[in-house]
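**Q** So that you have it, the file is coords-v7.txt, and it contains compact mmCIF, C-alpha atoms:
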# COMPACT_ATOMS: atom_id res chain seq x y z
CA MET O 1 -0.08 -3.55 -5.56
CA ALA O 2 -1.66 -6.51 -3.73
CA ALA O 3 0.65 -9.37 -2.76
CA VAL O 4 0.15 -12.60 -4.68
CA THR O 5 -0.54 -15.56 -2.42
CA PRO O 6 1.85 -18.45 -3.13
CA ARG O 7 0.77 -21.44 -5.25
CA VAL O 8 2.75 -24.69 -5.15
CA PHE O 9 2.37 -27.93 -7.11
CA VAL O 10 2.55 -30.82 -4.66
CA SER O 11 4.91 -32.88 -6.85
CA HIS O 12 7.50 -30.15 -6.20
CA LEU O 13 7.09 -30.63 -2.44
CA SER O 14 7.76 -34.37 -2.37
CA GLY O 15 11.08 -34.98 -0.64
CA VAL O 16 11.92 -31.31 0.01
CA PRO O 17 13.70 -30.60 3.31
CA VAL O 18 11.88 -29.10 6.31
CA PHE O 19 13.84 -26.64 8.45
CA ASP O 20 13.22 -25.01 11.81
CA PRO O 21 13.75 -21.21 12.24
CA ASN O 22 17.40 -21.79 13.21
CA GLY O 23 18.16 -23.51 9.90
CA ASP O 24 18.38 -27.02 11.35
CA GLN O 25 16.77 -29.72 9.21
CA VAL O 26 13.78 -31.43 10.81
CA GLY O 27 13.12 -33.95 8.02
CA ARG O 28 11.64 -34.24 4.52
CA VAL O 29 8.11 -33.91 3.14
CA ARG O 30 6.60 -37.28 2.18
CA ASP O 31 2.94 -36.30 1.65
CA LEU O 32 0.24 -33.73 2.30
CA VAL O 33 -2.90 -34.31 4.36
CA ALA O 34 -6.19 -32.93 3.00
CA MET O 35 -9.78 -32.86 4.22
CA LEU O 36 -12.67 -33.03 1.76
CA ARG O 37 -15.49 -30.54 2.27
CA VAL O 38 -19.16 -30.25 1.43
CA GLY O 39 -20.90 -27.57 -0.59
CA GLY O 40 -18.55 -27.55 -3.58
CA ARG O 41 -15.70 -26.08 -1.53
CA PRO O 42 -12.08 -26.98 -2.37
CA PRO O 43 -10.33 -29.56 -0.16
CA ARG O 44 -8.43 -27.96 2.71
CA ILE O 45 -4.79 -28.84 3.36
CA LEU O 46 -4.44 -29.75 7.04
CA GLY O 47 -0.70 -30.35 7.12
CA LEU O 48 2.35 -32.25 5.91
CA VAL O 49 3.56 -35.77 6.56
CA VAL O 50 7.24 -35.29 7.39
CA GLU O 51 9.80 -38.08 7.67
CA VAL O 52 12.27 -37.15 10.38
CA ILE O 53 15.86 -38.37 10.69
CA SER O 54 14.83 -41.56 12.53
CA ARG O 55 12.57 -42.41 9.53
CA ARG O 56 9.50 -41.89 11.71
CA ARG O 57 6.71 -40.08 9.89
CA ILE O 58 5.09 -37.25 11.85
CA PHE O 59 2.29 -34.76 11.17
CA LEU O 60 3.17 -31.07 10.76
CA PRO O 61 0.07 -28.80 10.78
CA MET O 62 0.00 -26.06 8.14
CA THR O 63 -0.52 -23.57 10.98
CA ARG O 64 3.08 -24.37 11.99
CA VAL O 65 4.42 -23.73 8.46
CA THR O 66 5.79 -20.22 7.97
CA GLY O 67 7.24 -20.60 4.48
CA VAL O 68 7.05 -22.86 1.41
CA GLU O 69 9.61 -21.59 -1.07
CA SER O 70 12.90 -22.23 -2.87
CA GLY O 71 12.66 -25.98 -2.49
CA GLN O 72 12.24 -25.95 1.28
CA VAL O 73 9.63 -25.71 4.03
CA ILE O 74 10.19 -23.53 7.11
CA THR O 75 8.38 -24.30 10.38
CA THR O 76 7.78 -22.38 13.60
CA GLY O 77 10.14 -24.81 15.30
CA VAL O 78 7.42 -26.49 17.40
CA VAL O 79 7.17 -30.07 16.12
CA ASN O 80 5.27 -32.98 17.67
CA MET O 81 7.41 -36.09 17.20
CA ARG O 82 4.60 -38.62 17.65
CA ARG O 83 4.07 -40.97 14.73
CA PHE O 84 1.55 -39.86 12.08
CA GLU O 85 -1.67 -41.87 11.98
CA GLN O 86 -4.15 -41.08 9.22
CA ARG O 87 -7.69 -40.42 10.46
CA PRO O 88 -10.92 -41.42 8.68
CA THR O 89 -11.62 -37.85 7.55
CA GLU O 90 -8.15 -37.33 6.05
CA ARG O 91 -6.86 -37.93 2.53
CA LEU O 92 -3.22 -38.17 1.44
CA VAL O 93 -2.71 -35.92 -1.58
CA LEU O 94 0.30 -37.68 -3.12
CA GLY O 95 -0.85 -41.13 -2.11
CA GLU O 96 -4.56 -40.85 -3.00
CA PHE O 97 -5.12 -37.92 -5.36
CA LEU O 98 -2.39 -38.38 -7.96
CA ASP O 99 -3.12 -40.85 -10.80
CA ARG O 100 -6.78 -40.83 -9.77
CA ARG O 101 -9.36 -41.08 -12.58
CA VAL O 102 -11.91 -38.24 -12.34
CA ARG O 103 -14.22 -36.39 -14.70
CA LEU O 104 -14.21 -32.84 -15.95
CA VAL O 105 -17.27 -30.74 -15.15
CA ASP O 106 -18.68 -28.11 -17.50
CA GLY O 107 -20.08 -24.73 -16.50
CA HIS O 108 -23.52 -26.25 -15.95
CA GLY O 109 -22.29 -28.91 -13.54
CA GLN O 110 -22.53 -31.73 -16.07
CA GLU O 111 -19.83 -34.39 -15.98
CA GLY O 112 -17.85 -34.87 -19.13
CA GLU O 113 -14.61 -36.48 -20.24
CA GLU O 114 -12.64 -38.75 -17.93
CA VAL O 115 -9.13 -37.53 -17.10
CA THR O 116 -6.17 -38.60 -14.95
CA VAL O 117 -4.83 -36.32 -12.20
CA LEU O 118 -1.10 -35.79 -12.73
CA ASP O 119 -0.49 -33.05 -10.16
CA VAL O 120 -2.31 -30.82 -7.67
CA ALA O 121 -1.68 -27.13 -6.93
CA ILE O 122 -2.26 -25.73 -3.46
CA GLN O 123 -2.56 -22.06 -2.58
CA GLN O 124 -2.38 -20.17 0.69
CA LEU O 125 -5.40 -18.06 1.55
CA PRO O 126 -4.70 -14.31 1.80
CA ALA O 127 -3.45 -13.11 5.21
CA ARG O 128 -3.87 -16.58 6.74
CA ARG O 129 -1.93 -19.81 7.23
CA ASP O 130 -4.76 -21.88 5.76
CA TRP O 131 -4.08 -23.66 2.46
CA GLU O 132 -6.55 -25.08 -0.06
CA ILE O 133 -6.32 -27.09 -3.24
CA ASP O 134 -6.41 -24.55 -6.05
CA LYS O 135 -5.94 -26.36 -9.38
CA TYR O 136 -5.49 -29.80 -10.91
CA PHE O 137 -3.06 -30.72 -13.68
CA VAL O 138 -4.78 -33.50 -15.67
CA ARG O 139 -4.31 -35.60 -18.80
CA LYS O 140 -7.10 -36.55 -21.14
CA GLY O 141 -7.36 -40.12 -22.38
CA ARG O 142 -6.32 -43.31 -20.64
CA GLY O 143 -2.75 -43.44 -21.94
CA GLY O 144 -0.86 -46.69 -21.36
CA ALA O 145 1.85 -48.51 -23.33
CA LEU O 146 -0.31 -49.10 -26.43
CA ARG O 147 -2.15 -45.79 -26.34
CA ARG O 148 -1.07 -42.36 -27.33
CA LYS O 149 -1.01 -40.02 -24.34
CA GLY O 150 -3.69 -37.37 -24.49
CA GLU O 151 -3.63 -33.61 -24.05
CA THR O 152 -2.60 -32.20 -20.68
CA LEU O 153 -4.18 -29.12 -19.14
CA THR O 154 -4.47 -27.23 -15.86
CA VAL O 155 -8.02 -26.72 -14.60
CA GLU O 156 -9.66 -25.06 -11.60
CA TRP O 157 -10.53 -27.33 -8.69
CA SER O 158 -14.23 -26.72 -9.42
CA ALA O 159 -13.81 -28.16 -12.94
CA VAL O 160 -13.18 -31.67 -11.60
CA SER O 161 -15.65 -34.01 -9.89
CA GLY O 162 -14.65 -36.61 -7.33
CA PHE O 163 -12.93 -34.49 -4.69
CA SER O 164 -15.83 -33.26 -2.56
CA LEU O 165 -18.32 -34.84 -0.19
CA GLU O 166 -21.99 -35.37 -0.83
CA GLU O 167 -24.33 -33.26 1.27
CA HIS O 168 -25.79 -36.37 2.91
CA GLY O 169 -24.56 -39.47 4.66
CA GLN O 170 -23.92 -40.54 8.24
CA GLY O 171 -20.13 -40.84 8.13
CA ALA O 172 -18.12 -38.72 10.58
CA GLU O 173 -16.31 -37.31 7.55
CA ASN O 174 -19.46 -35.55 6.33
CA LEU O 175 -20.44 -34.25 9.75
CA VAL O 176 -16.95 -32.92 10.47
CA ALA O 177 -16.97 -31.14 7.11
CA THR O 178 -20.31 -29.47 7.88
CA PHE O 179 -18.88 -28.25 11.21
CA GLU O 180 -15.92 -26.53 9.56
CA ARG O 181 -17.55 -23.13 9.26
CA LEU O 182 -19.11 -23.15 12.72
CA ARG O 183 -17.55 -21.39 15.66
CA PRO O 184 -16.18 -23.73 18.35
CA THR O 185 -19.02 -22.91 20.73
CA ASP O 186 -21.60 -23.89 18.09
CA VAL O 187 -19.76 -27.12 17.26
CA ALA O 188 -19.68 -27.88 21.00
CA ASN O 189 -23.42 -27.35 21.21
CA ALA O 190 -24.01 -29.69 18.27
CA LEU O 191 -21.73 -32.34 19.79
CA HIS O 192 -23.47 -32.08 23.15
CA HIS O 193 -26.79 -33.03 21.58
CA LEU O 194 -25.43 -36.10 19.75
CA SER O 195 -25.61 -39.59 21.22
CA PRO O 196 -22.55 -40.52 23.34
CA LYS O 197 -21.34 -42.97 20.66
CA ARG O 198 -21.73 -40.44 17.85
CA ARG O 199 -20.20 -37.65 19.94
CA VAL O 200 -17.01 -39.66 20.50
CA GLU O 201 -16.83 -40.69 16.82
CA VAL O 202 -17.06 -37.11 15.60
CA ALA O 203 -14.68 -35.78 18.26
CA ALA O 204 -12.10 -38.40 17.27
CA ALA O 205 -12.35 -37.26 13.62
CA LEU O 206 -11.58 -33.59 14.41
CA ASP O 207 -7.97 -32.44 14.18
CA ASP O 208 -6.15 -31.70 17.44
CA ASP O 209 -6.42 -27.90 17.35
CA ARG O 210 -10.10 -27.95 16.40
CA LEU O 211 -10.96 -30.54 19.04
CA ALA O 212 -9.05 -28.52 21.64
CA ASP O 213 -11.09 -25.40 20.80
CA VAL O 214 -14.35 -27.38 20.96
CA LEU O 215 -13.51 -29.12 24.25
CA GLU O 216 -12.97 -25.73 25.87
CA GLU O 217 -16.62 -24.92 25.09
CA LEU O 218 -18.18 -28.21 26.25
CA PRO O 219 -19.67 -29.01 29.68
CA GLU O 220 -17.25 -30.80 32.00
CA ASP O 221 -19.05 -34.16 31.73
CA ASP O 222 -18.71 -34.14 27.94
CA GLN O 223 -15.04 -33.12 28.17
CA VAL O 224 -14.24 -36.00 30.53
CA GLU O 225 -16.20 -38.47 28.38
CA ILE O 226 -14.41 -37.50 25.16
CA ILE O 227 -10.87 -37.25 26.55
CA GLY O 228 -11.37 -40.61 28.24
CA LYS O 229 -12.27 -42.31 24.93
CA LEU O 230 -9.24 -41.03 23.03
CA ALA O 231 -5.99 -42.96 22.87
CA GLU O 232 -3.73 -41.57 25.60
CA GLU O 233 -1.14 -40.11 23.22
CA ARG O 234 -3.88 -38.39 21.20
CA ALA O 235 -5.47 -37.10 24.42
CA ALA O 236 -2.09 -35.63 25.46
CA ASP O 237 -1.76 -33.91 22.05
CA VAL O 238 -5.20 -32.34 22.44
CA LEU O 239 -4.45 -31.18 25.99
CA GLU O 240 -1.26 -29.52 24.70
CA ALA O 241 -3.34 -27.66 22.09
CA MET O 242 -5.82 -26.38 24.70
CA ASP O 243 -5.31 -23.17 26.65
CA PRO O 244 -3.36 -24.19 29.77
CA ASP O 245 -6.09 -23.01 32.16
CA ASP O 246 -8.74 -25.05 30.32
CA ALA O 247 -6.45 -28.09 30.20
CA ALA O 248 -5.86 -27.74 33.95
CA ASP O 249 -9.61 -27.56 34.62
CA LEU O 250 -10.21 -30.70 32.55
CA LEU O 251 -7.38 -32.68 34.11
CA SER O 252 -8.63 -31.74 37.57
CA GLU O 253 -11.83 -33.67 36.81
CA LEU O 254 -9.96 -36.91 36.01
CA PRO O 255 -8.90 -39.65 38.43
CA GLU O 256 -5.41 -39.06 39.83
CA ASP O 257 -3.80 -41.97 37.92
CA ASP O 258 -5.28 -40.84 34.58
CA LYS O 259 -4.22 -37.27 35.21
CA GLU O 260 -0.61 -38.23 35.95
CA ARG O 261 -0.36 -40.52 32.90
CA LEU O 262 -1.55 -37.75 30.58
CA LEU O 263 0.74 -35.14 32.15
CA ALA O 264 3.68 -37.51 31.67
CA LEU O 265 2.84 -37.82 27.95
CA MET O 266 2.63 -34.05 27.41
CA ARG O 267 5.62 -31.94 26.44
CA PRO O 268 7.48 -30.98 29.66
CA ASP O 269 6.95 -27.22 29.21
CA ASP O 270 3.21 -27.63 28.62
CA ALA O 271 2.86 -30.05 31.52
CA ALA O 272 4.74 -27.65 33.83
CA ASP O 273 2.32 -24.82 33.01
CA VAL O 274 -0.69 -27.04 33.69
CA ARG O 275 0.75 -28.39 36.97
CA ARG O 276 1.41 -24.83 38.13
CA LEU O 277 -2.19 -23.81 37.40
CA MET O 278 -3.56 -26.85 39.23
CA SER O 279 -1.60 -25.83 42.34
CA TYR O 280 -3.90 -22.81 42.87
CA GLU O 281 -7.40 -22.82 44.29
CA GLU O 282 -9.98 -22.97 41.50
CA ARG O 283 -11.87 -19.74 42.24
CA THR O 284 -8.80 -17.51 42.63
CA ALA O 285 -6.82 -15.37 40.20
CA GLY O 286 -4.15 -18.09 40.01
CA GLY O 287 -6.72 -20.78 39.27
CA LEU O 288 -8.50 -18.64 36.66
CA MET O 289 -5.49 -17.24 34.80
CA THR O 290 -3.90 -18.32 31.55
CA THR O 291 -0.11 -18.68 31.46
CA GLU O 292 0.13 -17.45 27.85
CA PRO O 293 -0.45 -13.67 27.75
CA ILE O 294 1.59 -11.48 25.39
CA VAL O 295 4.86 -10.72 27.17
CA LEU O 296 7.46 -8.29 25.78
CA ARG O 297 10.83 -7.11 27.03
CA PRO O 298 11.39 -3.38 27.73
CA ASP O 299 13.43 -2.91 24.54
CA ALA O 300 10.61 -4.17 22.28
CA THR O 301 8.95 -1.59 20.03
CA VAL O 302 5.35 -0.72 19.31
CA ALA O 303 5.79 -2.48 15.95
CA ASP O 304 6.87 -5.65 17.80
CA ALA O 305 3.84 -5.41 20.06
CA LEU O 306 1.38 -4.94 17.19
CA ALA O 307 2.88 -7.94 15.37
CA ARG O 308 2.21 -10.08 18.44
CA VAL O 309 -1.32 -8.70 18.86
CA ARG O 310 -2.14 -9.61 15.25
CA GLN O 311 -1.63 -13.33 15.87
CA ALA O 312 -4.81 -15.07 14.75
CA ASP O 313 -4.81 -17.62 17.61
CA LEU O 314 -5.15 -14.96 20.31
CA SER O 315 -8.52 -14.32 21.94
CA PRO O 316 -9.73 -10.69 21.82
CA ALA O 317 -9.25 -10.41 25.59
CA LEU O 318 -5.59 -11.45 25.44
CA ALA O 319 -4.96 -9.28 22.36
CA ALA O 320 -6.25 -6.16 24.16
CA GLN O 321 -2.93 -5.51 25.92
CA VAL O 322 0.69 -6.59 26.24
CA TYR O 323 2.64 -7.06 29.45
CA VAL O 324 6.16 -5.64 29.75
CA CYS O 325 8.61 -7.67 31.86
CA ARG O 326 12.31 -8.11 32.28
CA SER O 327 13.86 -11.35 31.01
CA PRO O 328 12.87 -14.15 31.06
CA ASP O 329 9.81 -13.28 29.00
CA GLU O 330 7.90 -16.53 29.51
CA THR O 331 5.75 -16.98 32.59
CA PRO O 332 6.78 -16.88 35.35
CA THR O 333 8.73 -13.92 34.01
CA GLY O 334 11.34 -11.59 35.32
CA LYS O 335 10.21 -8.40 37.06
CA TYR O 336 6.79 -7.18 35.87
CA LEU O 337 7.01 -3.53 34.75
CA GLY O 338 3.45 -2.81 33.62
CA THR O 339 0.89 -3.01 30.85
CA VAL O 340 0.49 -1.35 27.46
CA HIS O 341 -3.07 -1.29 26.13
CA PHE O 342 -3.90 -1.87 22.48
CA GLN O 343 -5.31 1.63 21.99
CA ARG O 344 -2.06 3.17 23.23
CA LEU O 345 -0.13 1.01 20.75
CA LEU O 346 -2.23 2.49 17.94
CA ARG O 347 -1.47 6.06 19.01
CA ASP O 348 2.34 5.87 19.16
CA PRO O 349 4.92 5.59 16.32
CA PRO O 350 6.07 2.04 15.46
CA PHE O 351 9.66 2.68 16.66
CA THR O 352 8.54 3.72 20.19
CA LEU O 353 9.85 1.46 22.96
CA VAL O 354 7.06 -0.18 24.95
CA SER O 355 8.95 0.60 28.18
CA SER O 356 8.39 4.32 27.55
CA ILE O 357 4.58 4.03 27.34
CA VAL O 358 3.93 1.37 29.97
CA ASP O 359 1.03 1.85 32.40
CA SER O 360 2.35 0.98 35.86
CA ASP O 361 -0.36 2.67 37.91
CA LEU O 362 -2.69 -0.31 38.30
CA VAL O 363 -1.80 -2.72 41.08
CA PRO O 364 -1.64 -6.29 39.66
CA LEU O 365 -3.57 -9.17 41.19
CA PRO O 366 -1.90 -11.60 43.61
CA PRO O 367 -2.53 -15.25 42.62
CA ASP O 368 -4.66 -15.91 45.74
CA THR O 369 -7.13 -13.09 44.94
CA PRO O 370 -10.66 -14.59 45.30
CA LEU O 371 -13.08 -14.55 42.37
CA PRO O 372 -15.37 -11.75 43.72
CA LEU O 373 -12.39 -9.40 44.02
CA VAL O 374 -11.16 -10.34 40.54
CA THR O 375 -14.62 -9.52 39.17
CA SER O 376 -14.71 -6.18 41.00
CA TYR O 377 -11.20 -5.33 39.74
CA LEU O 378 -12.14 -5.90 36.08
CA ALA O 379 -15.40 -3.96 36.49
CA ALA O 380 -13.88 -1.03 38.40
CA TYR O 381 -11.07 -0.44 35.92
CA ASN O 382 -13.00 -1.38 32.74
CA MET O 383 -10.50 -4.15 31.98
CA VAL O 384 -10.94 -7.27 29.85
CA SER O 385 -7.75 -8.83 31.20
CA ALA O 386 -5.63 -8.33 34.32
CA PRO O 387 -2.05 -9.32 35.23
CA VAL O 388 -1.40 -11.86 37.99
CA VAL O 389 1.91 -11.22 39.78
CA ASP O 390 3.55 -13.12 42.66
CA GLU O 391 5.31 -11.73 45.74
CA SER O 392 8.67 -11.54 43.95
CA GLY O 393 7.17 -9.31 41.23
CA SER O 394 7.14 -11.94 38.47
CA LEU O 395 4.21 -12.10 36.04
CA LEU O 396 2.50 -15.49 36.42
CA GLY O 397 -0.26 -15.03 33.85
CA ALA O 398 -3.40 -13.04 33.10
CA VAL O 399 -7.05 -13.40 34.07
CA THR O 400 -9.44 -12.70 31.18
CA VAL O 401 -13.05 -11.66 31.40
CA ASP O 402 -14.27 -14.78 29.56
CA ASP O 403 -12.76 -17.04 32.22
CA VAL O 404 -14.37 -14.95 34.95
CA LEU O 405 -17.78 -15.17 33.28
CA ASP O 406 -17.35 -18.91 32.89
CA HIS O 407 -17.21 -19.21 36.70
CA LEU O 408 -20.00 -16.71 37.37
CA LEU O 409 -22.62 -18.20 35.05
CA PRO O 410 -24.81 -21.18 36.07
CA ASP O 411 -23.18 -24.60 35.73
CA ASP O 412 -25.42 -25.56 32.80
CA TRP O 413 -24.97 -22.37 30.78
CA ARG O 414 -23.00 -24.17 28.05
CA GLU O 415 -26.03 -26.33 27.30
CA THR O 416 -27.96 -23.29 26.02
CA ASP O 417 -28.40 -23.31 22.23
CA LEU O 418 -27.65 -19.64 21.53
CA THR O 419 -28.25 -19.85 17.79
CA THR O 420 -31.80 -21.01 18.41
CA ASP O 421 -32.61 -18.99 21.53
CA LEU O 422 -31.36 -15.68 20.09
CA HIS O 423 -32.65 -16.04 16.54
CA GLY O 424 -35.24 -18.80 16.60
CA GLU O 425 -33.50 -20.75 13.84
CA GLU O 426 -30.60 -23.09 13.22
CA GLY O 427 -27.43 -22.13 11.42
CA VAL O 428 -26.98 -18.61 12.75
CA GLY O 429 -23.50 -17.77 13.97
CA ARG O 430 -21.43 -19.44 11.25
CA GLY O 431 -17.93 -18.10 11.08
CA GLY O 432 -16.30 -16.87 7.88
What would you get if you wrote out this structure as structure tokens?
**A**
Amino acid sequence: MAAVTPRVFVSHLSGVPVFDPNGDQVGRVRDLVAMLRVGGRPPRILGLVVEVISRRRIFLPMTRVTGVESGQVITTGVVNMRRFEQRPTERLVLGEFLDRRVRLVDGHGQEGEEVTVLDVAIQQLPARRDWEIDKYFVRKGRGGALRRKGETLTVEWSAVSGFSLEEHGQGAENLVATFERLRPTDVANALHHLSPKRRVEVAAALDDDRLADVLEELPEDDQVEIIGKLAEERAADVLEAMDPDDAADLLSELPEDDKERLLALMRPDDAADVRRLMSYEERTAGGLMTTEPIVLRPDATVADALARVRQADLSPALAAQVYVCRSPDETPTGKYLGTVHFQRLLRDPPFTLVSSIVDSDLVPLPPDTPLPLVTSYLAAYNMVSAPVVDESGSLLGAVTVDDVLDHLLPDDWRETDLTTDLHGEEGVGRGG
């Protein structure tokens, strides 16, 4: 029997406590942040506005929410404590949707009776952390002290007009909404061809995670231009959301004073990873690697490894294998023991210990390995990712084939419009 995805009415979320995985209270929910979309699609829930103990209101992305149940919200434990600032493309569900006068829409798209929104239901998409508005609870009639309150009913989101964007208009809100289904590389290509003013406006309207993904796909000049136009705290948030190797590459292009200010605003752990990457020569294994491969301890099982591989945020190259190391299991790790490839994980029972199936035959890369040797290593052993290990035997990170290609291709390769060059038409390559 298929699992039912949870549906929650937002009025039931107002004021509920937010806990981290250890059971410690982070704060209370004060509102939800939504983004309107074009094409008759339901508004997407971006995150929660949470009031922490100091009465500061912060933004908690829905990607960091692991549970909404029993009158509480559970987070991953990673919370950015910077004050929430509403962006032009964002709408507050409790503050702006409730009590709003809208019209019902019939099956032919014709607007009908005016109603008042009393509540909004949100639902999590199957097998994902994305949430959308699912239904509206509305009341017919205008009500009021001298009027009899009308009938109440629950309707599908598509049965109400007033909560979607028109397919035209120059506002950043519309353009950001049209980008939602594009892959980051295609959004980057579209941004690159906008005017500098428009490019910065649209980049500023993207949420941190989306902008981080897009920046990683832009030419260096565009990256520097955009990050330089953002408020410093916002720029630090975006750098934290980027892959550490890409953040290091971007920061290396900035003046020394700007670089140090941004590093000081980043979370200490994130800043430490980026500083470590910037200490290596650019065209070496250390300069190319990411510090966030999948690392498991020897007593982890195949089931543990597969759960980590299934994480949606991982690139295919990083998800192709796990690295087994003694504690600590964050880079730089304890002693590196070897690699377990994804195909091997699929062949062994879930209870098998990863230490019993580890591949220790391949010699890992030292951090000073030059780019040509890294390329030859990946080609010779048919690898999409390779471990980088220091002289003490600690895993420092992993070099992936996409980062190698990025340094082998011509400098202007990101300016190629693949959707047009490959297919001769716009719009190809939209993600699901």
**Q** Just give me the residues with any atom within 10 Å of (7.1, -33.1, -2.5), file coordinates, counting all atoms listed in the file, written as a PyMOL selection string.
**A** chain O and resi 8-17+28-32+48+71-72+94
**Q** Quick one: distance from CA of Leu250 in chain O to CA of Gln223 in chain O in Å, one decimal?
**A**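 Atom-to-atom, CA of Leu250 in chain O to CA of Gln223 in chain O, that is 7.0 Å.
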**Q** Hey, which of O:Ala305, O:Val117, O:Leu182, O:Ile74 ends up closest to Asn22 in chain O? Count all atoms listed in the file.
**A**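 Going through O:Ala305, O:Val117, O:Leu182, O:Ile74 one by one, the smallest distance to Asn22 in chain O is for O:Ile74.
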**Q** Mind pulling up the distance from CA of Thr339 in chain O to CA of Val389 in chain O?
**A** 12.2 Å
**Q** Compile the contact shell of Gly162 in chain O as a ChimeraX atom specification: residues with an atom at most 9 Å away, counting all atoms listed in the file, same-chain residues fewer than 6 positions apart removed.
**A** /O:101-103
**Q** List the neighbours of range 300-303 of chain O out to 8 Å using only C-alpha atoms; skip same-chain residues closer than 2 positions along the sequence, and give me the result as a list in words.
**A**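 Non-adjacent residues within range: Leu296, Arg297, Pro298, Ala305, Leu306, Ala307, Leu345, Asp348, Pro349, Pro350, Phe351, Thr352, Leu353, Val354 and Ser355 of chain O.
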**Q** Find the residues around Thr66 in chain O up to 8 Å (all atoms listed in the file counted), leave out those fewer than 5 positions away in its own chain, and share them as a list in words.
**A**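 Returned residues: Val73, Ile74, Thr75, Thr76 and Arg129 of chain O.
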**Q** Against range 261-276 of chain O, which residues of range 295-381 of chain O fall within 12 Å? For each one I want the closest pair of atoms and the distance in Å (one decimal), counting all atoms listed in the file, rows by chain and increasing residue number, as a Markdown table.
**A**
| residue | atom | partner | partner_atom | distance |
| --- | --- | --- | --- | --- |
| O:Glu330 | CA | O:Asp273 | CA | 10.6 |
| O:Thr331 | CA | O:Asp273 | CA | 8.6 |
| O:Pro332 | CA | O:Asp273 | CA | 9.4 |
| O:Pro367 | CA | O:Arg276 | CA | 11.3 |
**Q** Tell me, as number ranges by chain, which residues lie within 8 Å of Ile122 in chain O, counting only C-alpha atoms; anything in the same chain fewer than 6 positions away does not count.
**A** O: 7-10, 45, 131-135
**Q** May I ask for the distance between CA of Val115 in chain O and CA of Asp99 in chain O, given in Å to one decimal place?
**A**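 Spanning CA of Val115 in chain O to CA of Asp99 in chain O is a straight-line distance of 9.3 Å.
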**Q** Neighbours of Lys140 in chain O within 7 Å (all atoms listed in the file; same-chain residues fewer than 3 positions away dropped), as a list in words?
**A**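 Answer for this query is Glu114, Val115, Thr116, Gly150, Glu151 and Thr152 of chain O.
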**Q** Quick one: write out the picked residues with C-alpha atoms as a PDB file, in the coordinates of the input?
**A**
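After the write, result-v8.pdb holds the following:
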ATOM      1  CA  GLU O 114     -12.640 -38.750 -17.930  1.00  0.00           C
ATOM      2  CA  VAL O 115      -9.130 -37.530 -17.100  1.00  0.00           C
ATOM      3  CA  THR O 116      -6.170 -38.600 -14.950  1.00  0.00           C
ATOM      4  CA  GLY O 150      -3.690 -37.370 -24.490  1.00  0.00           C
ATOM      5  CA  GLU O 151      -3.630 -33.610 -24.050  1.00  0.00           C
ATOM      6  CA  THR O 152      -2.600 -32.200 -20.680  1.00  0.00           C
TER       7      THR O 152
END
